[in-house]
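Asks: Input start_5.csv, format and content: CSV, C-alpha atoms.
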```csv
chain,number,residue,atom,x,y,z
A,186,MET,CA,4.2,-25.3,6.3
A,187,LYS,CA,2.3,-26.7,9.3
A,188,ILE,CA,2.5,-24.3,12.3
A,189,LEU,CA,1.3,-25.3,15.8
A,190,ILE,CA,0.6,-22.4,18.2
A,191,THR,CA,0.3,-23.2,21.9
A,192,GLY,CA,-2.0,-20.6,23.6
A,193,GLY,CA,-3.3,-20.0,20.1
A,194,CYS,CA,-6.6,-18.5,21.4
A,195,GLY,CA,-4.8,-15.9,23.5
A,196,PHE,CA,-3.9,-12.4,22.5
A,197,LEU,CA,-0.8,-13.0,20.5
A,198,GLY,CA,-1.7,-16.5,19.5
A,199,SER,CA,-5.0,-15.4,17.9
A,200,ASN,CA,-3.3,-12.7,15.9
A,201,LEU,CA,-0.6,-15.1,14.7
A,202,ALA,CA,-3.2,-17.7,13.8
A,203,LEU,CA,-5.2,-15.3,11.7
A,204,TYR,CA,-2.1,-14.1,9.8
A,205,GLY,CA,-1.1,-17.7,9.2
A,206,MET,CA,-4.5,-18.8,8.0
A,207,ASN,CA,-4.7,-15.8,5.6
A,208,SER,CA,-1.2,-16.6,4.4
A,209,GLY,CA,-1.8,-20.2,3.4
A,210,TYR,CA,-0.2,-22.0,6.4
A,211,GLU,CA,-1.8,-25.0,8.0
A,212,ILE,CA,-2.6,-23.7,11.5
A,213,THR,CA,-3.1,-25.9,14.6
A,214,ILE,CA,-4.0,-24.3,17.9
A,215,VAL,CA,-3.5,-25.9,21.3
A,216,ASP,CA,-5.4,-24.1,24.1
A,217,ASN,CA,-7.1,-25.0,27.3
A,218,PHE,CA,-9.1,-21.8,27.4
A,219,TYR,CA,-7.5,-20.8,30.7
A,220,ARG,CA,-7.2,-17.2,29.8
A,221,LEU,CA,-9.9,-14.6,29.9
A,222,GLY,CA,-11.2,-13.9,26.4
A,223,SER,CA,-9.8,-17.1,24.8
A,224,LYS,CA,-13.3,-18.4,24.1
A,225,LYS,CA,-14.1,-15.1,22.4
A,226,ASN,CA,-10.9,-15.3,20.3
A,227,PHE,CA,-11.7,-18.9,19.3
A,228,ASP,CA,-15.2,-17.8,18.1
A,229,TRP,CA,-13.6,-14.9,16.2
A,230,LEU,CA,-11.1,-17.1,14.6
A,231,LYS,CA,-13.7,-19.6,13.6
A,232,SER,CA,-15.5,-16.8,11.7
A,233,LYS,CA,-12.3,-16.0,9.8
A,234,GLY,CA,-11.2,-19.3,8.4
A,235,LYS,CA,-10.1,-22.9,8.9
A,236,PHE,CA,-7.7,-24.3,11.5
A,237,ASN,CA,-7.3,-27.3,13.8
A,238,LEU,CA,-8.0,-27.0,17.5
A,239,TYR,CA,-6.9,-29.3,20.4
A,240,GLU,CA,-8.3,-28.3,23.7
A,241,THR,CA,-5.3,-29.6,25.7
A,242,ASP,CA,-3.3,-28.5,28.7
A,243,ILE,CA,0.5,-28.4,28.0
A,244,SER,CA,1.2,-29.6,31.5
A,245,ASN,CA,-0.2,-33.0,30.5
A,246,TYR,CA,2.7,-34.6,28.7
A,247,GLU,CA,0.9,-37.7,27.3
A,248,GLU,CA,-1.9,-35.6,25.8
A,249,ILE,CA,0.4,-32.9,24.3
A,250,LYS,CA,2.7,-35.6,22.9
A,251,LYS,CA,-0.3,-37.2,21.1
A,252,VAL,CA,-1.2,-33.9,19.5
A,253,PHE,CA,2.4,-33.5,18.2
A,254,HIS,CA,2.4,-37.0,16.7
A,255,THR,CA,-1.0,-36.4,15.1
A,256,VAL,CA,-0.2,-33.0,13.6
A,257,MET,CA,3.6,-33.4,12.9
A,258,PRO,CA,4.2,-29.7,12.9
A,259,ASP,CA,7.1,-28.1,11.0
A,260,PHE,CA,7.1,-25.1,13.4
A,261,VAL,CA,5.9,-24.2,16.9
A,262,PHE,CA,5.1,-20.8,18.4
A,263,HIS,CA,5.2,-21.7,22.1
A,264,LEU,CA,3.1,-18.9,23.7
A,265,ALA,CA,1.0,-20.8,26.3
A,266,GLY,CA,1.7,-20.0,29.8
A,267,GLN,CA,0.7,-18.4,33.1
A,268,THR,CA,1.5,-14.7,32.5
A,269,ALA,CA,0.7,-12.8,35.7
A,270,MET,CA,3.3,-12.1,38.3
A,271,THR,CA,0.7,-11.7,41.0
A,272,THR,CA,-0.9,-15.0,40.2
A,273,SER,CA,2.5,-16.7,40.5
A,274,LEU,CA,3.0,-15.3,44.0
A,275,ASN,CA,-0.4,-16.7,45.0
A,276,SER,CA,0.0,-20.1,43.2
A,277,PRO,CA,3.6,-20.8,42.6
A,278,LEU,CA,3.2,-24.6,42.1
A,279,LYS,CA,0.5,-24.0,39.4
A,280,ASP,CA,2.8,-21.4,37.8
A,281,PHE,CA,5.7,-23.9,37.7
A,282,GLU,CA,3.5,-26.7,36.3
A,283,ILE,CA,2.3,-24.5,33.4
A,284,ASN,CA,5.4,-22.4,32.6
A,285,THR,CA,8.3,-24.8,33.3
A,286,ILE,CA,6.9,-28.4,33.1
A,287,GLY,CA,4.6,-27.4,30.3
A,288,SER,CA,7.5,-26.0,28.3
A,289,ILE,CA,9.6,-29.1,28.9
A,290,ASN,CA,6.6,-31.1,27.7
A,291,ILE,CA,6.7,-29.1,24.5
A,292,LEU,CA,10.4,-29.6,24.0
A,293,GLU,CA,10.1,-33.4,24.6
A,294,SER,CA,7.2,-33.6,22.2
A,295,ILE,CA,9.2,-31.8,19.5
A,296,LYS,CA,12.1,-34.1,20.1
A,297,SER,CA,9.9,-37.2,19.9
A,298,ILE,CA,8.5,-36.5,16.5
A,299,ASP,CA,12.0,-36.2,15.1
A,300,ASN,CA,11.0,-34.3,11.9
A,301,ASP,CA,13.3,-31.2,12.2
A,302,CYS,CA,10.5,-29.2,13.8
A,303,LYS,CA,11.6,-25.7,14.8
A,304,ALA,CA,10.3,-23.5,17.6
A,305,ILE,CA,10.3,-20.1,19.2
A,306,TYR,CA,9.6,-19.6,22.9
A,307,ALA,CA,7.9,-16.5,24.1
A,308,SER,CA,9.9,-15.7,27.2
A,309,SER,CA,9.8,-12.5,29.4
A,310,ASN,CA,11.9,-9.6,30.4
A,311,LYS,CA,11.2,-10.7,34.0
A,312,VAL,CA,14.2,-13.2,33.7
A,313,TYR,CA,16.4,-10.1,34.4
A,314,GLY,CA,14.8,-9.6,37.8
A,315,ASP,CA,13.9,-6.2,39.3
A,316,LEU,CA,17.1,-4.5,37.9
A,317,GLU,CA,17.5,-2.6,41.2
A,318,TYR,CA,21.3,-2.6,40.7
A,319,VAL,CA,20.9,-0.4,37.5
A,320,LYS,CA,21.4,3.3,38.1
A,321,THR,CA,18.1,5.0,37.7
A,322,ASP,CA,17.2,8.7,37.6
A,323,GLU,CA,13.8,10.3,38.1
A,324,SER,CA,12.2,12.9,35.9
A,325,ASN,CA,8.7,14.5,36.2
A,326,THR,CA,7.0,11.7,34.3
A,327,ARG,CA,9.4,8.7,34.1
A,328,TYR,CA,12.4,6.9,35.4
A,329,VAL,CA,15.5,6.8,33.1
A,330,THR,CA,18.6,4.6,33.0
A,331,PRO,CA,21.4,6.8,31.8
A,332,GLU,CA,23.8,3.9,31.3
A,333,PHE,CA,21.4,2.1,29.0
A,334,LYS,CA,20.0,4.9,26.8
A,335,ASN,CA,19.2,2.5,24.0
A,336,GLY,CA,17.7,-0.1,26.3
A,337,PHE,CA,18.9,-3.4,27.9
A,338,PRO,CA,20.8,-5.9,25.8
A,339,GLU,CA,20.8,-9.7,26.1
A,340,SER,CA,24.1,-9.5,28.0
A,341,MET,CA,22.2,-8.3,31.2
A,342,LYS,CA,22.6,-10.8,34.0
A,343,ILE,CA,19.9,-13.4,34.6
A,344,ASP,CA,18.5,-12.6,38.0
A,345,PHE,CA,15.2,-14.5,38.5
A,346,SER,CA,12.8,-13.0,41.0
A,347,THR,CA,9.2,-13.9,41.9
A,348,PRO,CA,7.9,-17.4,41.0
A,349,TYR,CA,6.9,-16.1,37.6
A,350,GLY,CA,10.4,-14.9,36.8
A,351,CYS,CA,11.7,-18.3,38.0
A,352,SER,CA,9.3,-20.4,36.0
A,353,LYS,CA,9.6,-18.4,32.8
A,354,GLY,CA,13.4,-18.1,33.2
A,355,ALA,CA,13.8,-21.9,33.7
A,356,ALA,CA,11.8,-22.6,30.6
A,357,ASP,CA,13.9,-20.0,28.7
A,358,LEU,CA,17.1,-21.7,29.7
A,359,TYR,CA,15.7,-25.2,28.9
A,360,PHE,CA,14.9,-24.0,25.4
A,361,LEU,CA,18.5,-22.8,24.9
A,362,ASP,CA,20.0,-25.9,26.4
A,363,TYR,CA,17.8,-28.3,24.3
A,364,CYS,CA,19.2,-26.5,21.3
A,365,LYS,CA,22.8,-27.3,22.5
A,366,SER,CA,22.2,-30.8,23.9
A,367,TYR,CA,19.9,-32.2,21.2
A,368,LYS,CA,20.9,-30.0,18.2
A,369,MET,CA,17.3,-28.7,17.9
A,370,LYS,CA,16.5,-25.5,16.1
A,371,LEU,CA,15.1,-23.3,18.7
A,372,SER,CA,15.1,-19.6,19.7
A,373,VAL,CA,14.0,-17.5,22.6
A,374,PHE,CA,12.3,-14.1,22.5
A,375,ARG,CA,12.4,-12.2,25.8
A,376,HIS,CA,9.4,-9.9,25.4
A,377,SER,CA,8.7,-6.6,27.0
A,378,THR,CA,5.2,-5.1,26.9
A,379,MET,CA,2.9,-6.3,24.1
A,380,TYR,CA,-0.5,-4.8,23.2
A,381,GLY,CA,-3.1,-4.6,20.5
A,382,GLY,CA,-6.5,-6.0,19.3
A,383,ARG,CA,-7.8,-9.3,20.8
A,384,GLN,CA,-6.1,-8.6,24.1
A,385,PHE,CA,-8.6,-9.1,26.9
A,386,ALA,CA,-6.5,-7.4,29.6
A,387,THR,CA,-6.9,-7.8,33.4
A,388,VAL,CA,-5.7,-5.9,36.4
A,389,ASP,CA,-2.8,-8.3,36.6
A,390,GLN,CA,-1.8,-8.7,33.0
A,391,GLY,CA,-1.9,-6.4,29.9
A,392,TRP,CA,-1.5,-3.0,31.4
A,393,ILE,CA,-1.9,-1.0,28.2
A,394,GLY,CA,-5.2,-2.6,27.5
A,395,TRP,CA,-6.4,-2.4,31.1
A,396,PHE,CA,-5.8,1.3,31.4
A,397,CYS,CA,-7.2,2.0,28.0
A,398,GLN,CA,-10.4,0.2,29.2
A,399,LYS,CA,-10.5,2.3,32.4
A,400,ALA,CA,-10.2,5.4,30.2
A,401,ILE,CA,-13.1,4.3,28.0
A,402,GLU,CA,-15.2,3.7,31.2
A,403,ILE,CA,-14.4,7.2,32.4
A,404,LYS,CA,-15.5,8.6,29.0
A,405,ARG,CA,-18.7,6.7,29.1
A,406,GLY,CA,-19.4,7.5,32.8
A,407,THR,CA,-19.5,3.9,33.8
A,408,LEU,CA,-16.4,3.9,36.1
A,409,ARG,CA,-18.0,4.3,39.6
A,410,GLU,CA,-14.8,4.9,41.6
A,411,PRO,CA,-11.2,5.8,40.7
A,412,PHE,CA,-9.0,3.0,39.5
A,413,SER,CA,-5.7,2.2,41.2
A,414,ILE,CA,-2.1,2.0,40.2
A,415,SER,CA,0.9,0.4,41.9
A,416,GLY,CA,3.8,2.7,42.6
A,417,ASN,CA,4.1,6.3,41.4
A,418,GLY,CA,3.3,5.8,37.7
A,419,LYS,CA,6.8,6.6,36.5
A,420,GLN,CA,7.6,3.0,35.7
A,421,VAL,CA,8.7,2.7,32.0
A,422,ARG,CA,8.3,-0.1,29.5
A,423,ASP,CA,8.8,-0.2,25.7
A,424,VAL,CA,5.6,-1.3,24.1
A,425,LEU,CA,5.2,-3.4,20.9
A,426,HIS,CA,2.0,-3.5,18.8
A,427,SER,CA,0.7,-6.9,17.8
A,428,ASP,CA,1.0,-6.1,14.1
A,429,ASP,CA,4.8,-5.7,14.6
A,430,ILE,CA,5.0,-8.9,16.7
A,431,VAL,CA,3.2,-11.0,14.1
A,432,LYS,CA,5.6,-9.8,11.3
A,433,LEU,CA,8.5,-10.7,13.6
A,434,TYR,CA,7.4,-14.2,14.3
A,435,PHE,CA,6.7,-15.1,10.7
A,436,THR,CA,9.9,-13.5,9.5
A,437,ALA,CA,11.7,-15.6,12.2
A,438,SER,CA,10.0,-18.8,11.1
A,439,GLU,CA,11.3,-18.3,7.6
A,440,ASN,CA,14.9,-17.5,8.8
A,441,MET,CA,15.6,-19.9,11.7
A,442,GLU,CA,19.1,-20.6,10.5
A,443,GLU,CA,19.9,-17.0,11.4
A,444,ILE,CA,18.5,-17.1,15.0
A,445,LYS,CA,18.7,-20.8,16.2
A,446,GLY,CA,20.3,-21.2,19.6
A,447,GLU,CA,20.0,-17.5,20.3
A,448,VAL,CA,18.0,-15.3,22.7
A,449,PHE,CA,16.7,-11.9,21.8
A,450,ASN,CA,15.2,-9.0,23.7
A,451,ILE,CA,12.1,-8.0,21.9
A,452,GLY,CA,10.2,-4.7,22.4
A,453,GLY,CA,9.2,-1.4,20.9
A,454,GLY,CA,12.6,0.1,21.7
A,455,ARG,CA,13.4,3.4,23.2
A,456,LYS,CA,11.3,5.5,20.8
A,457,ASN,CA,8.2,3.4,21.8
A,458,SER,CA,8.7,3.6,25.5
A,459,LEU,CA,6.4,5.2,27.9
A,460,SER,CA,5.5,5.4,31.6
A,461,LEU,CA,2.1,5.0,33.1
A,462,LEU,CA,1.8,8.8,33.6
A,463,GLU,CA,2.8,9.3,29.9
A,464,LEU,CA,0.1,6.7,28.8
A,465,PHE,CA,-2.4,8.7,30.9
A,466,GLU,CA,-1.4,11.9,29.1
A,467,ILE,CA,-2.1,10.3,25.7
A,468,LEU,CA,-5.5,8.9,26.9
A,469,GLU,CA,-6.5,12.2,28.4
A,470,SER,CA,-5.6,13.9,25.1
A,471,GLU,CA,-7.3,11.4,22.8
A,472,LEU,CA,-10.5,11.0,24.9
A,473,GLY,CA,-10.9,14.4,26.5
A,474,ILE,CA,-11.0,13.0,30.0
A,475,LYS,CA,-9.2,13.2,33.3
A,476,MET,CA,-7.5,10.0,34.6
A,477,GLU,CA,-8.1,10.1,38.3
A,478,TYR,CA,-6.6,7.2,40.3
A,479,ARG,CA,-5.6,5.9,43.7
A,480,GLN,CA,-2.0,5.1,44.4
A,481,PHE,CA,-1.0,1.8,46.1
A,482,ALA,CA,2.3,0.3,47.1
A,483,TRP,CA,4.8,-1.0,44.5
A,484,ARG,CA,4.3,-4.5,43.3
A,485,ASN,CA,6.8,-7.1,44.4
A,486,SER,CA,10.0,-7.0,42.2
A,487,ASP,CA,8.5,-4.4,39.8
A,488,GLN,CA,11.1,-3.0,37.4
A,489,LYS,CA,11.3,0.8,37.4
A,490,VAL,CA,12.5,0.6,33.8
A,491,PHE,CA,12.6,-2.0,31.1
A,492,ILE,CA,13.3,-1.1,27.5
A,493,ALA,CA,14.5,-3.7,25.1
A,494,ASP,CA,17.6,-3.0,23.1
A,495,ASN,CA,16.5,-4.4,19.7
A,496,THR,CA,19.9,-4.2,18.1
A,497,LYS,CA,20.5,-8.0,17.9
A,498,ILE,CA,17.1,-9.0,16.4
A,499,ILE,CA,17.3,-6.1,13.9
A,500,SER,CA,20.8,-7.2,12.9
A,501,ASN,CA,19.8,-10.9,12.5
A,502,LEU,CA,16.4,-10.5,10.8
A,503,LYS,CA,16.3,-6.9,9.5
A,504,TRP,CA,13.1,-6.5,11.5
A,505,THR,CA,12.1,-3.2,13.2
A,506,PRO,CA,8.9,-2.0,14.9
A,507,LEU,CA,6.8,0.2,12.6
A,508,VAL,CA,3.7,1.1,14.7
A,509,ASP,CA,4.4,4.1,16.8
A,510,THR,CA,3.0,4.3,20.3
A,511,ARG,CA,0.3,6.9,19.9
A,512,THR,CA,-1.0,5.2,16.7
A,513,GLY,CA,-1.0,1.9,18.4
A,514,ILE,CA,-2.9,3.2,21.5
A,515,ILE,CA,-5.5,4.8,19.3
A,516,ASP,CA,-5.9,1.5,17.5
A,517,MET,CA,-6.3,-0.2,20.9
A,518,LEU,CA,-9.0,2.2,21.9
A,519,LYS,CA,-10.9,1.7,18.7
A,520,TRP,CA,-10.8,-2.1,19.2
A,521,LEU,CA,-12.0,-1.8,22.8
A,522,GLU,CA,-14.8,0.6,21.9
A,523,SER,CA,-16.0,-1.7,19.2
```
Before anything else, please render the file you have as structure tokens.

Replies:
Amino acid sequence: MKILITGGCGFLGSNLALYGMNSGYEITIVDNFYRLGSKKNFDWLKSKGKFNLYETDISNYEEIKKVFHTVMPDFVFHLAGQTAMTTSLNSPLKDFEINTIGSINILESIKSIDNDCKAIYASSNKVYGDLEYVKTDESNTRYVTPEFKNGFPESMKIDFSTPYGCSKGAADLYFLDYCKSYKMKLSVFRHSTMYGGRQFATVDQGWIGWFCQKAIEIKRGTLREPFSISGNGKQVRDVLHSDDIVKLYFTASENMEEIKGEVFNIGGGRKNSLSLLELFEILESELGIKMEYRQFAWRNSDQKVFIADNTKIISNLKWTPLVDTRTGIIDMLKWLES
């Protein structure tokens, strides 16, 4: 099978590419090296095996269409995108060009090669908005949503907020509509937090990796002043390790008849959920440090809680997360320290 991965030198893309290369798939990567660390991931992948690379921007339709007609992929993992909410607020037009127009360009390219090519789109939990209408209680270390003890299902109302939510949400709905309008075999994964090796996190994106890096700097004595957090640290997300995500994507690629035309919330689930404060407790325990920080105002439209209810994807693909949170965080620390 020929698999094309947009954003293939990013965090998730590079992990998928390596697995595909090792499993005998013909891997093609499309990446414009926009993301921090993508060049490092490219060099790392080159040392691991053979793949095709097209340094192309998905917002350029003519260029991306040429790639598709050259490669003629059987399957597409569409991961490329602008991923930071703060960046979208500062540059909403660029965010729209990458996330929405770029995704339509991918859809049109798939349609144009007319070879029954299938695709999965990596969407976001941000399509559900800030979820302020959901009843939320507060404990010592986290917020909880008593009416959604197992997490949020796909039936939650779409409620775009921030340019990032709008651009990702629009692309999400375009993928679902192209499946209906053009009988294409497509699926949408609305991801919660993802983390793991090859994630070059920033202050705006990849919070598990970012705070793990701050913890390592504290341990080494290289952090010159306390880092900052937005809000009170009780915000909760379910976290999903890259090993589990890779298994999910390749299982999905082999079972598209079970998931075409459908949207799925994807995360670590309730048992792999944690708040910032709970993450800090793990880091302090593992590294023998004290996480001292400054507290700033809440970020625009930040969700107090998002935990994915994985019931639907488990039912359709018999997939379930296997990497527990503490094990995954220890793995993340080892990769960062290496």

Asks: Find the residues around A:Gln390 up to 12 Å (all atoms listed in the file counted), leave out those fewer than 6 positions away in its own chain, and share them as a CSV table (one decimal) with C-alpha atoms, keeping the file's coordinate frame.

Replies:
```csv
chain,number,residue,atom,x,y,z
A,196,PHE,CA,-3.9,-12.4,22.5
A,220,ARG,CA,-7.2,-17.2,29.8
A,221,LEU,CA,-9.9,-14.6,29.9
A,267,GLN,CA,0.7,-18.4,33.1
A,268,THR,CA,1.5,-14.7,32.5
A,269,ALA,CA,0.7,-12.8,35.7
A,270,MET,CA,3.3,-12.1,38.3
A,271,THR,CA,0.7,-11.7,41.0
A,272,THR,CA,-0.9,-15.0,40.2
A,273,SER,CA,2.5,-16.7,40.5
A,378,THR,CA,5.2,-5.1,26.9
A,379,MET,CA,2.9,-6.3,24.1
A,380,TYR,CA,-0.5,-4.8,23.2
A,384,GLN,CA,-6.1,-8.6,24.1
A,396,PHE,CA,-5.8,1.3,31.4
```

Asks: Which is closer to A:Asp429 than all the others in A:Leu459, A:Leu189, A:Leu507, A:Leu238, using all atoms listed in the file?

Replies: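 Nearest to A:Asp429: A:Leu507.
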
Asks: What are the closest atom pairs, with distances in Å to one decimal, for all residues of stretch 213-326 of chain A lying within 9 Å of stretch 479-498 of chain A? Consider all atoms listed in the file, order rows by chain and residue number, and present the result as a tab-separated table.

Replies:
```
residue	atom	partner	partner_atom	distance
A:Met270	CA	A:Asn485	CA	8.6
A:Thr271	CA	A:Asn485	CA	8.4
A:Asn310	CA	A:Phe491	CA	7.7
A:Lys311	CA	A:Gln488	CA	8.4
A:Gly314	CA	A:Ser486	CA	7.0
A:Asp315	CA	A:Gln488	CA	4.7
A:Leu316	CA	A:Gln488	CA	6.2
A:Glu317	CA	A:Gln488	CA	7.5
A:Thr321	CA	A:Lys489	CA	8.0
```

Asks: When you draw a straight line from atom CA of A:Glu332 to atom CA of A:Phe374, how long is it in Å?

Replies: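 Separating atom CA of A:Glu332 from atom CA of A:Phe374 is a distance of 23.1 Å.
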
Asks: Point out the residue among A:Leu462, A:Cys194, A:Leu361, A:Cys302 with the least atom-to-atom distance to A:Gly446, counting all atoms listed in the file.

Replies: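 Under the stated criterion, the closest residue is A:Leu361.
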
Asks: Select all residues near (1.3, -19.7, 40.5) (cut-off 12 Å, inclusive, file coordinates), counting all atoms listed in the file, and output them as a ChimeraX atom specification.

Replies: /A:266-285,347-353

Asks: Name the residues in contact with A:Ile305 at a cut-off of 6 Å, using all atoms listed in the file, excluding same-chain residues fewer than 6 positions from it; report them as number ranges by chain.

Replies: A: 262, 371-373

Asks: For atom CA of A:Phe465 and atom CA of A:Leu201, quote the distance in Å rounded to one decimal.

Replies: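 Going from atom CA of A:Phe465 over to atom CA of A:Leu201 covers 28.8 Å.
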
Asks: Measure the distance from atom CA of A:Ala202 to atom CA of A:Gly234 in Å and round it to one decimal.

Replies: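 Between atom CA of A:Ala202 and atom CA of A:Gly234 the gap works out to 9.8 Å.
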
Asks: Could you please give me, as a ChimeraX atom specification, the residues of protein, DNA or RNA lying at most 10 Å from (2.4, -19.7, 26.6) in the coordinate frame of the file, considering all atoms listed in the file?

Replies: /A:190-193,195,197-198,216,243,262-268,283-284,287-288,306-308,353

Asks: For a quick check of understanding, using only C-alpha atoms, which of A:Ile214, A:Ala437, A:Met517, A:Leu425 has the smallest distance to A:Gly452?

Replies: A:Leu425

Asks: Which residue out of A:Ser460, A:Lys445, A:Met476, A:Met257 has the minimum interatomic distance to A:Lys365 when only C-alpha atoms are used?

Replies: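 Checking each candidate against A:Lys365, we get A:Lys445 as the closest.
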
Asks: Contacts of A:Ile514 at 10 Å or less, counting all atoms listed in the file, minus same-chain residues fewer than 6 places along, as a count of residues only?

Replies: 13

Asks: Taking into account all atoms listed in the file, which residue in the set A:Val261, A:Ile474, A:Met206, A:Leu408 is nearest to A:Lys303?

Replies: A:Val261

Asks: What's around A:Ile295 at 10 Å? Count only C-alpha atoms, leave out sequence neighbours fewer than 3 positions away in its own chain, and write the answer as a short mmCIF file (atom, residue, chain, number, x, y, z; two decimals) with C-alpha atoms, keeping the file's coordinate frame.

Replies:
```cif
data_model
loop_
_atom_site.label_atom_id
_atom_site.label_comp_id
_atom_site.auth_asym_id
_atom_site.auth_seq_id
_atom_site.Cartn_x
_atom_site.Cartn_y
_atom_site.Cartn_z
CA LYS A 250 2.70 -35.60 22.90
CA PHE A 253 2.40 -33.50 18.20
CA HIS A 254 2.40 -37.00 16.70
CA MET A 257 3.60 -33.40 12.90
CA PRO A 258 4.20 -29.70 12.90
CA ASP A 259 7.10 -28.10 11.00
CA PHE A 260 7.10 -25.10 13.40
CA VAL A 261 5.90 -24.20 16.90
CA ILE A 289 9.60 -29.10 28.90
CA ASN A 290 6.60 -31.10 27.70
CA ILE A 291 6.70 -29.10 24.50
CA LEU A 292 10.40 -29.60 24.00
CA ILE A 298 8.50 -36.50 16.50
CA ASP A 299 12.00 -36.20 15.10
CA ASN A 300 11.00 -34.30 11.90
CA ASP A 301 13.30 -31.20 12.20
CA CYS A 302 10.50 -29.20 13.80
CA LYS A 303 11.60 -25.70 14.80
CA ALA A 304 10.30 -23.50 17.60
CA MET A 369 17.30 -28.70 17.90
#
```

Asks: When you count only C-alpha atoms, which of these residues is closest to A:Met341: A:Phe449, A:Leu518, A:Ile188, A:Ser415?

Replies: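 Once distances to A:Met341 are computed over only C-alpha atoms, the minimum belongs to A:Phe449.
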